[in-house]
file structure36.txt (compact mmCIF, C-alpha atoms)
# COMPACT_ATOMS: atom_id res chain seq x y z
CA ALA A 1 76.24 -16.54 6.63
CA PHE A 2 74.70 -20.00 6.49
CA SER A 3 77.95 -21.45 5.14
CA HIS A 4 79.96 -19.80 7.94
CA THR A 5 77.57 -21.15 10.61
CA ALA A 6 77.73 -24.64 9.12
CA LYS A 7 81.53 -24.57 9.22
CA MET A 8 81.50 -23.52 12.88
CA ILE A 9 79.11 -26.34 13.82
CA THR A 10 81.23 -28.87 11.93
CA ALA A 11 84.42 -27.70 13.67
CA ARG A 12 82.82 -27.94 17.10
CA PHE A 13 81.51 -31.42 16.32
CA ARG A 14 84.95 -32.63 15.24
CA LYS A 15 86.54 -31.17 18.39
CA GLY A 16 83.96 -32.91 20.56
CA VAL A 17 84.56 -36.25 18.81
CA ALA A 18 88.33 -35.87 19.27
CA ARG A 19 87.91 -35.14 22.97
CA THR A 20 85.64 -38.18 23.41
CA VAL A 21 88.11 -40.47 21.62
CA HIS A 22 91.01 -39.19 23.76
CA GLN A 23 89.05 -39.84 26.97
CA ALA A 24 88.07 -43.30 25.79
CA GLN A 25 91.71 -44.15 25.08
CA ARG A 26 92.73 -43.19 28.63
CA ALA A 27 89.79 -44.86 30.36
CA PRO A 28 90.37 -48.43 31.60
CA LEU A 29 88.15 -51.20 30.39
CA VAL A 30 85.63 -51.97 33.11
CA LEU A 31 84.71 -55.62 33.17
CA PRO A 32 80.99 -56.20 33.67
CA CYS A 33 80.32 -57.77 37.03
CA ARG A 34 77.84 -60.58 37.20
CA ALA A 35 74.79 -59.94 39.32
CA SER A 36 75.45 -60.70 42.96
CA LYS A 37 73.20 -63.13 44.75
CA VAL A 38 70.97 -60.53 46.36
CA GLN A 39 67.32 -60.94 47.28
CA MET A 40 64.85 -58.13 47.86
CA SER A 41 62.51 -57.53 50.77
CA SER A 42 60.22 -54.68 51.73
CA GLN A 43 63.10 -53.31 53.84
CA GLY A 44 65.60 -53.40 50.95
CA PRO A 45 68.30 -55.79 49.67
CA VAL A 46 68.97 -59.01 51.58
CA ARG A 47 72.15 -60.98 50.86
CA ALA A 48 71.76 -64.72 50.38
CA ARG A 49 74.70 -65.48 52.70
CA SER A 50 76.61 -63.39 55.20
CA PRO A 51 79.32 -62.18 55.40
CA VAL A 52 80.21 -60.67 52.05
CA LEU A 53 83.88 -61.40 51.31
CA LEU A 54 86.40 -58.94 49.89
CA PHE A 55 89.59 -60.45 48.47
CA ASP A 56 92.89 -58.85 47.78
CA ILE A 57 94.08 -60.29 44.47
CA MET A 58 97.88 -60.23 44.19
CA ASP A 59 99.58 -62.93 46.28
CA THR A 60 96.21 -63.76 47.84
CA VAL A 61 94.28 -65.08 44.84
CA VAL A 62 96.84 -64.70 42.03
CA VAL A 63 100.63 -64.99 42.18
CA ASP A 64 102.24 -61.53 41.87
CA PRO A 65 105.23 -61.51 39.47
CA PHE A 66 106.36 -58.07 40.69
CA PHE A 67 108.71 -59.23 43.43
CA ASP A 68 110.46 -62.13 41.73
CA HIS A 69 109.97 -62.23 37.98
CA MET A 70 110.06 -58.50 37.27
CA PRO A 71 113.60 -58.03 38.72
CA LYS A 72 114.76 -61.06 36.72
CA PHE A 73 113.30 -59.54 33.56
CA PHE A 74 115.59 -56.53 34.04
CA GLY A 75 118.57 -58.66 35.13
CA MET A 76 118.49 -57.14 38.63
CA THR A 77 117.91 -58.14 42.19
CA PHE A 78 114.72 -56.84 43.80
CA GLN A 79 116.77 -54.35 45.83
CA GLU A 80 118.53 -53.08 42.70
CA LEU A 81 115.20 -52.64 40.92
CA MET A 82 113.71 -50.72 43.84
CA LYS A 83 116.72 -48.38 43.78
CA ALA A 84 116.60 -47.82 40.02
CA LYS A 85 112.86 -47.45 39.40
CA HIS A 86 110.92 -44.21 39.61
CA PRO A 87 109.50 -43.88 43.16
CA THR A 88 105.88 -43.16 42.16
CA ALA A 89 105.40 -44.38 38.59
CA TRP A 90 103.90 -47.77 39.49
CA VAL A 91 101.58 -46.26 42.09
CA GLU A 92 100.43 -43.69 39.53
CA PHE A 93 99.76 -46.53 37.09
CA GLU A 94 97.77 -48.41 39.74
CA THR A 95 95.58 -45.37 40.39
CA ASN A 96 95.01 -44.56 36.69
CA LEU A 97 96.96 -41.29 36.84
CA ILE A 98 99.19 -42.38 33.97
CA THR A 99 98.75 -44.69 31.00
CA GLU A 100 100.76 -47.80 30.24
CA GLY A 101 102.83 -45.85 27.71
CA GLU A 102 103.59 -43.18 30.29
CA LEU A 103 104.60 -45.89 32.77
CA PHE A 104 107.12 -47.27 30.31
CA GLN A 105 108.54 -43.78 29.71
CA LYS A 106 109.10 -42.97 33.40
CA PHE A 107 109.56 -46.43 34.93
CA PHE A 108 113.23 -45.78 35.74
CA HIS A 109 114.79 -42.77 37.46
CA ASP A 110 117.15 -42.22 34.52
CA SER A 111 114.40 -42.64 31.88
CA ARG A 112 116.26 -45.53 30.23
CA THR A 113 114.32 -47.34 27.51
CA PHE A 114 113.32 -51.00 27.71
CA ASP A 115 110.98 -53.49 26.08
CA GLY A 116 107.66 -52.47 27.62
CA GLU A 117 105.63 -54.97 25.62
CA GLY A 118 108.08 -57.67 26.69
CA LEU A 119 107.56 -56.71 30.34
CA ARG A 120 103.79 -56.88 29.97
CA SER A 121 103.98 -60.26 28.20
CA MET A 122 106.25 -61.65 30.91
CA MET A 123 103.82 -60.56 33.63
CA ILE A 124 100.91 -62.22 31.83
CA ARG A 125 102.83 -65.49 31.46
CA GLN A 126 103.44 -65.58 35.21
CA TYR A 127 99.88 -64.93 36.34
CA GLU A 128 98.51 -68.07 38.00
CA TYR A 129 96.27 -68.93 40.92
CA VAL A 130 97.84 -69.16 44.35
CA ASP A 131 97.83 -72.85 45.30
CA GLY A 132 94.39 -73.96 46.47
CA MET A 133 92.67 -70.63 45.93
CA GLU A 134 90.70 -71.41 42.78
CA SER A 135 89.09 -74.39 44.51
CA LEU A 136 88.36 -72.38 47.66
CA LEU A 137 86.77 -69.52 45.71
CA GLY A 138 84.70 -71.98 43.72
CA ARG A 139 83.35 -73.62 46.86
CA LEU A 140 82.52 -70.27 48.43
CA ARG A 141 80.67 -69.15 45.30
CA GLY A 142 78.90 -72.49 45.10
CA LYS A 143 77.64 -72.05 48.67
CA GLY A 144 76.06 -68.73 47.72
CA TYR A 145 78.55 -66.28 49.25
CA GLU A 146 79.01 -62.92 47.55
CA LEU A 147 82.68 -62.33 46.65
CA HIS A 148 84.39 -59.14 45.44
CA ALA A 149 87.92 -58.18 44.50
CA MET A 150 89.51 -55.37 46.51
CA SER A 151 92.86 -54.83 44.85
CA ASN A 152 95.64 -52.31 44.32
CA TYR A 153 96.37 -52.96 40.66
CA PRO A 154 96.55 -51.17 37.31
CA MET A 155 94.56 -51.83 34.15
CA TRP A 156 96.59 -55.03 33.76
CA PHE A 157 93.92 -56.70 35.91
CA ARG A 158 92.17 -57.19 32.56
CA TYR A 159 94.94 -59.58 31.51
CA ILE A 160 94.54 -61.55 34.74
CA GLU A 161 90.85 -61.88 33.92
CA ASP A 162 91.53 -62.84 30.30
CA LYS A 163 93.91 -65.60 31.39
CA LEU A 164 92.38 -66.96 34.61
CA ARG A 165 88.68 -65.99 34.37
CA VAL A 166 88.63 -64.91 38.00
CA SER A 167 85.13 -63.48 37.46
CA GLN A 168 83.80 -67.04 37.56
CA TYR A 169 84.19 -66.69 41.32
CA LEU A 170 84.24 -63.01 42.28
CA ASP A 171 83.34 -59.62 40.85
CA TRP A 172 86.03 -57.06 39.98
CA THR A 173 84.19 -54.42 41.99
CA PHE A 174 87.00 -52.60 43.81
CA VAL A 175 90.23 -51.97 41.91
CA SER A 176 92.45 -48.93 42.45
CA CYS A 177 92.46 -48.03 38.73
CA THR A 178 88.71 -48.00 38.09
CA GLY A 179 85.25 -48.12 39.62
CA PRO A 180 84.28 -47.00 43.14
CA MET A 181 87.85 -47.37 44.46
CA GLU A 182 89.59 -45.53 41.59
CA GLY A 183 92.38 -43.30 42.83
CA PHE A 184 92.65 -44.97 46.25
CA ARG A 185 94.99 -47.72 47.35
CA LYS A 186 94.86 -49.85 50.45
CA PRO A 187 95.57 -49.09 53.26
CA ALA A 188 94.02 -45.64 52.68
CA LYS A 189 90.78 -45.40 54.66
CA GLU A 190 89.00 -44.10 51.54
CA ALA A 191 89.47 -47.49 49.87
CA TYR A 192 87.57 -49.26 52.64
CA GLU A 193 84.96 -46.52 52.83
CA ALA A 194 84.33 -46.98 49.10
CA ALA A 195 83.61 -50.66 49.63
CA ILE A 196 81.32 -50.08 52.62
CA SER A 197 79.32 -47.33 50.91
CA THR A 198 79.05 -49.15 47.57
CA LEU A 199 77.87 -52.42 49.09
CA LYS A 200 75.50 -50.55 51.45
CA MET A 201 76.26 -52.91 54.30
CA PRO A 202 77.43 -52.49 57.89
CA ALA A 203 81.21 -52.83 57.97
CA GLY A 204 80.92 -55.69 60.46
CA GLU A 205 79.18 -57.81 57.81
CA LEU A 206 82.17 -57.58 55.47
CA LEU A 207 85.12 -59.96 55.70
CA PHE A 208 88.37 -58.73 54.13
CA VAL A 209 91.24 -61.07 53.15
CA ASP A 210 94.73 -59.79 52.34
CA ASP A 211 98.33 -60.99 52.59
CA ARG A 212 99.63 -57.66 53.94
CA LYS A 213 99.20 -56.89 57.62
CA VAL A 214 99.02 -53.13 57.08
CA ASN A 215 95.97 -53.63 54.85
CA VAL A 216 94.35 -56.04 57.29
CA ASP A 217 94.90 -53.60 60.15
CA ALA A 218 93.27 -50.82 58.12
CA ALA A 219 90.28 -53.05 57.39
CA LEU A 220 89.87 -53.80 61.09
CA ALA A 221 90.09 -50.06 61.84
CA SER A 222 87.24 -49.47 59.38
CA GLY A 223 85.02 -51.88 61.29
CA MET A 224 85.37 -54.86 58.94
CA ASP A 225 86.35 -58.34 60.04
CA ALA A 226 89.65 -59.31 58.41
CA VAL A 227 91.99 -62.25 57.88
CA LEU A 228 95.72 -62.03 57.24
CA PHE A 229 96.24 -64.49 54.38
CA GLU A 230 99.05 -67.03 54.55
CA ASN A 231 97.81 -69.86 52.34
CA ALA A 232 94.56 -71.46 51.19
CA HIS A 233 94.56 -74.10 53.94
CA GLN A 234 95.02 -71.49 56.69
CA LEU A 235 92.32 -69.28 55.14
CA GLU A 236 89.84 -72.14 55.00
CA ALA A 237 90.43 -72.79 58.70
CA GLU A 238 89.85 -69.10 59.46
CA LEU A 239 86.61 -69.14 57.49
CA LYS A 240 85.34 -72.26 59.22
CA ALA A 241 86.15 -70.72 62.60
CA ARG A 242 83.76 -67.91 61.60
CA GLY A 243 81.00 -70.36 60.73
CA ILE A 244 81.46 -70.11 56.97
CA ALA A 245 80.47 -73.53 55.67
CA LEU A 246 82.43 -74.99 52.78
call {"tool": "encode", "arguments": {"input": "structure36.txt", "output": "structure tokens"}}
result
Amino acid sequence: AFSHTAKMITARFRKGVARTVHQAQRAPLVLPCRASKVQMSSQGPVRARSPVLLFDIMDTVVVDPFFDHMPKFFGMTFQELMKAKHPTAWVEFETNLITEGELFQKFFHDSRTFDGEGLRSMMIRQYEYVDGMESLLGRLRGKGYELHAMSNYPMWFRYIEDKLRVSQYLDWTFVSCTGPMEGFRKPAKEAYEAAISTLKMPAGELLFVDDRKVNVDAALASGMDAVLFENAHQLEAELKARGIAL
């Protein structure tokens, strides 16, 4: 009887370990965020500088290879790629519903095979700061402003961090594949609600920056201030108009 009980316990332990390993393989790596510059008072947290800034990443902080370099990788125009690719696979990847391997399997309507590792490597090679943005972020951080990412992007954000060290300037707090915003993509109202509730601040004390008008409009509807990004020079002028010293 003792031997039978021992075998049952061992089997259950092995099954539990297997389940834990499987979940760990699917879970995205969450980069540790550096402590924000927050002071404490008897009434609760007090930010060192206001407003707190939320930055879209792709084509606002970092150049997005999706629209130009990805079609070239497949030898297509952008329009041809949009017609051939699966309609929801990339969105599912951005919201952590599928893994990278599953993305490669269903990327195209017709399930054609391609060099997935080559695609990933190409994307990494093309990641670079949008002109002027690294300097602008550095000056904002140096002045004591609290900066957060608010991005629709898959687990590949880790490769952006590995290459560009964006966390020198902002925290990867809100990404559609992990953390408080997991499963939601801008312009869904839940994405903005996640930021407001996590930061525990009035929406009006948050300033959102994005290159897509639909996302900016959704931020304004949530009560945030928002800037439609065009370039670093234009953004700096918008910030100065709001009294943000650089």
call {"tool": "residues_around", "arguments": {"input": "structure36.txt", "residues": "Met133 in chain A", "least_positions_apart": "6", "cutoff": "8 Å", "atoms": "all atoms listed in the file", "output": "PyMOL selection string"}}
result
chain A and resi 60-61+232
call {"tool": "atom_distance", "arguments": {"input": "structure36.txt", "atom1": "CA of Phe55 in chain A", "atom2": "CA of Glu161 in chain A"}}
result
14.7 Å
call {"tool": "residues_near_point", "arguments": {"input": "structure36.txt", "point": "(94.1, -63.0, 56.8)", "cutoff": "12 Å", "atoms": "all atoms listed in the file", "output": "compact mmCIF listing (two decimals) with C-alpha atoms, in the frame of the given file"}}
result
# COMPACT_ATOMS: atom_id res chain seq x y z
CA LEU A 53 83.88 -61.40 51.31
CA LEU A 54 86.40 -58.94 49.89
CA PHE A 55 89.59 -60.45 48.47
CA ASP A 56 92.89 -58.85 47.78
CA ASP A 59 99.58 -62.93 46.28
CA THR A 60 96.21 -63.76 47.84
CA LEU A 207 85.12 -59.96 55.70
CA PHE A 208 88.37 -58.73 54.13
CA VAL A 209 91.24 -61.07 53.15
CA ASP A 210 94.73 -59.79 52.34
CA ASP A 211 98.33 -60.99 52.59
CA ARG A 212 99.63 -57.66 53.94
CA LYS A 213 99.20 -56.89 57.62
CA VAL A 214 99.02 -53.13 57.08
CA ASN A 215 95.97 -53.63 54.85
CA VAL A 216 94.35 -56.04 57.29
CA ASP A 217 94.90 -53.60 60.15
CA ALA A 219 90.28 -53.05 57.39
CA LEU A 220 89.87 -53.80 61.09
CA ASP A 225 86.35 -58.34 60.04
CA ALA A 226 89.65 -59.31 58.41
CA VAL A 227 91.99 -62.25 57.88
CA LEU A 228 95.72 -62.03 57.24
CA PHE A 229 96.24 -64.49 54.38
CA GLU A 230 99.05 -67.03 54.55
CA ASN A 231 97.81 -69.86 52.34
CA ALA A 232 94.56 -71.46 51.19
CA HIS A 233 94.56 -74.10 53.94
CA GLN A 234 95.02 -71.49 56.69
CA LEU A 235 92.32 -69.28 55.14
CA GLU A 236 89.84 -72.14 55.00
CA ALA A 237 90.43 -72.79 58.70
CA GLU A 238 89.85 -69.10 59.46
CA LEU A 239 86.61 -69.14 57.49
call {"tool": "closest_residue", "arguments": {"input": "structure36.txt", "among": "A:Phe104, A:Tyr129, A:His109, A:Asn152", "to": "Leu81 in chain A", "atoms": "all atoms listed in the file"}}
result
A:His109
call {"tool": "residues_around", "arguments": {"input": "structure36.txt", "residues": "Phe66 in chain A", "least_positions_apart": "3", "cutoff": "12 Å", "atoms": "all atoms listed in the file", "output": "number ranges by chain"}}
result
A: 58-59, 62-63, 69-74, 77-78, 81-82, 90, 119-120, 122-124, 126-127, 153
call {"tool": "closest_residue", "arguments": {"input": "structure36.txt", "among": "A:Glu94, A:Asp171, A:Asp131, A:Glu80", "to": "Leu147 in chain A", "atoms": "all atoms listed in the file"}}
result
A:Asp171
call {"tool": "closest_residue", "arguments": {"input": "structure36.txt", "among": "A:Leu103, A:Ala245, A:Ala195, A:Ala188", "to": "Lys143 in chain A", "atoms": "only C-alpha atoms"}}
result
A:Ala245
call {"tool": "closest_residue", "arguments": {"input": "structure36.txt", "among": "A:Ile98, A:Thr178, A:Ile244, A:Leu199", "to": "His148 in chain A", "atoms": "all atoms listed in the file"}}
result
A:Leu199
call {"tool": "build_atoms", "arguments": {"input": "structure36.txt", "residues": "range 223-234 of chain A", "atoms": "all heavy atoms", "output": "mmCIF file, in the frame of the given file"}}
result
data_model
loop_
_atom_site.group_PDB
_atom_site.id
_atom_site.type_symbol
_atom_site.label_atom_id
_atom_site.label_comp_id
_atom_site.auth_asym_id
_atom_site.auth_seq_id
_atom_site.Cartn_x
_atom_site.Cartn_y
_atom_site.Cartn_z
ATOM 1 N N GLY A 223 86.157 -51.155 60.740
ATOM 2 C CA GLY A 223 85.020 -51.880 61.290
ATOM 3 C C GLY A 223 84.774 -53.231 60.647
ATOM 4 O O GLY A 223 83.905 -53.992 61.097
ATOM 5 N N MET A 224 85.518 -53.557 59.584
ATOM 6 C CA MET A 224 85.370 -54.860 58.940
ATOM 7 C C MET A 224 86.021 -55.945 59.784
ATOM 8 O O MET A 224 86.935 -55.698 60.581
ATOM 9 C CB MET A 224 86.067 -54.856 57.570
ATOM 10 C CG MET A 224 85.510 -53.918 56.539
ATOM 11 S SD MET A 224 86.456 -54.098 54.986
ATOM 12 C CE MET A 224 85.701 -52.796 53.998
ATOM 13 N N ASP A 225 85.587 -57.182 59.584
ATOM 14 C CA ASP A 225 86.350 -58.340 60.040
ATOM 15 C C ASP A 225 87.444 -58.551 58.984
ATOM 16 O O ASP A 225 87.283 -58.144 57.814
ATOM 17 C CB ASP A 225 85.455 -59.559 60.149
ATOM 18 C CG ASP A 225 86.142 -60.737 60.837
ATOM 19 O OD1 ASP A 225 87.259 -60.557 61.377
ATOM 20 O OD2 ASP A 225 85.561 -61.836 60.833
ATOM 21 N N ALA A 226 88.554 -59.171 59.357
ATOM 22 C CA ALA A 226 89.650 -59.310 58.410
ATOM 23 C C ALA A 226 90.514 -60.505 58.762
ATOM 24 O O ALA A 226 90.652 -60.865 59.940
ATOM 25 C CB ALA A 226 90.503 -58.049 58.363
ATOM 26 N N VAL A 227 91.089 -61.118 57.725
ATOM 27 C CA VAL A 227 91.990 -62.250 57.880
ATOM 28 C C VAL A 227 93.291 -61.939 57.163
ATOM 29 O O VAL A 227 93.279 -61.510 56.000
ATOM 30 C CB VAL A 227 91.369 -63.543 57.279
ATOM 31 C CG1 VAL A 227 92.382 -64.686 57.297
ATOM 32 C CG2 VAL A 227 90.108 -63.941 58.034
ATOM 33 N N LEU A 228 94.408 -62.151 57.852
ATOM 34 C CA LEU A 228 95.720 -62.030 57.240
ATOM 35 C C LEU A 228 96.018 -63.340 56.516
ATOM 36 O O LEU A 228 96.177 -64.398 57.141
ATOM 37 C CB LEU A 228 96.792 -61.748 58.286
ATOM 38 C CG LEU A 228 98.232 -61.613 57.770
ATOM 39 C CD1 LEU A 228 98.356 -60.454 56.786
ATOM 40 C CD2 LEU A 228 99.204 -61.448 58.932
ATOM 41 N N PHE A 229 96.095 -63.285 55.198
ATOM 42 C CA PHE A 229 96.240 -64.490 54.380
ATOM 43 C C PHE A 229 97.663 -65.029 54.429
ATOM 44 O O PHE A 229 98.634 -64.284 54.255
ATOM 45 C CB PHE A 229 95.857 -64.174 52.929
ATOM 46 C CG PHE A 229 96.028 -65.331 51.985
ATOM 47 C CD1 PHE A 229 95.035 -66.296 51.883
ATOM 48 C CD2 PHE A 229 97.178 -65.464 51.207
ATOM 49 C CE1 PHE A 229 95.185 -67.377 51.017
ATOM 50 C CE2 PHE A 229 97.328 -66.535 50.339
ATOM 51 C CZ PHE A 229 96.331 -67.500 50.246
ATOM 52 N N GLU A 230 97.767 -66.345 54.633
ATOM 53 C CA GLU A 230 99.050 -67.030 54.550
ATOM 54 C C GLU A 230 99.032 -68.065 53.422
ATOM 55 O O GLU A 230 99.941 -68.113 52.602
ATOM 56 C CB GLU A 230 99.376 -67.708 55.882
ATOM 57 C CG GLU A 230 99.526 -66.720 57.046
ATOM 58 C CD GLU A 230 99.721 -67.406 58.381
ATOM 59 O OE1 GLU A 230 99.960 -68.648 58.390
ATOM 60 O OE2 GLU A 230 99.630 -66.726 59.424
ATOM 61 N N ASN A 231 97.993 -68.875 53.402
ATOM 62 C CA ASN A 231 97.810 -69.860 52.340
ATOM 63 C C ASN A 231 96.358 -70.311 52.342
ATOM 64 O O ASN A 231 95.580 -69.953 53.245
ATOM 65 C CB ASN A 231 98.764 -71.055 52.523
ATOM 66 C CG ASN A 231 98.633 -71.711 53.888
ATOM 67 O OD1 ASN A 231 97.566 -72.189 54.261
ATOM 68 N ND2 ASN A 231 99.727 -71.703 54.658
ATOM 69 N N ALA A 232 95.969 -71.083 51.336
ATOM 70 C CA ALA A 232 94.560 -71.460 51.190
ATOM 71 C C ALA A 232 94.095 -72.329 52.354
ATOM 72 O O ALA A 232 92.952 -72.187 52.822
ATOM 73 C CB ALA A 232 94.356 -72.185 49.873
ATOM 74 N N HIS A 233 94.942 -73.226 52.828
ATOM 75 C CA HIS A 233 94.560 -74.100 53.940
ATOM 76 C C HIS A 233 94.295 -73.288 55.199
ATOM 77 O O HIS A 233 93.291 -73.512 55.900
ATOM 78 C CB HIS A 233 95.657 -75.125 54.188
ATOM 79 C CG HIS A 233 95.364 -76.060 55.318
ATOM 80 N ND1 HIS A 233 94.436 -77.087 55.213
ATOM 81 C CD2 HIS A 233 95.857 -76.109 56.596
ATOM 82 C CE1 HIS A 233 94.380 -77.741 56.377
ATOM 83 N NE2 HIS A 233 95.222 -77.172 57.227
ATOM 84 N N GLN A 234 95.197 -72.349 55.505
ATOM 85 C CA GLN A 234 95.020 -71.490 56.690
ATOM 86 C C GLN A 234 93.767 -70.640 56.556
ATOM 87 O O GLN A 234 93.003 -70.456 57.517
ATOM 88 C CB GLN A 234 96.256 -70.601 56.865
ATOM 89 C CG GLN A 234 96.100 -69.450 57.833
ATOM 90 C CD GLN A 234 95.832 -68.119 57.119
ATOM 91 O OE1 GLN A 234 96.014 -68.005 55.900
ATOM 92 N NE2 GLN A 234 95.398 -67.125 57.877
#
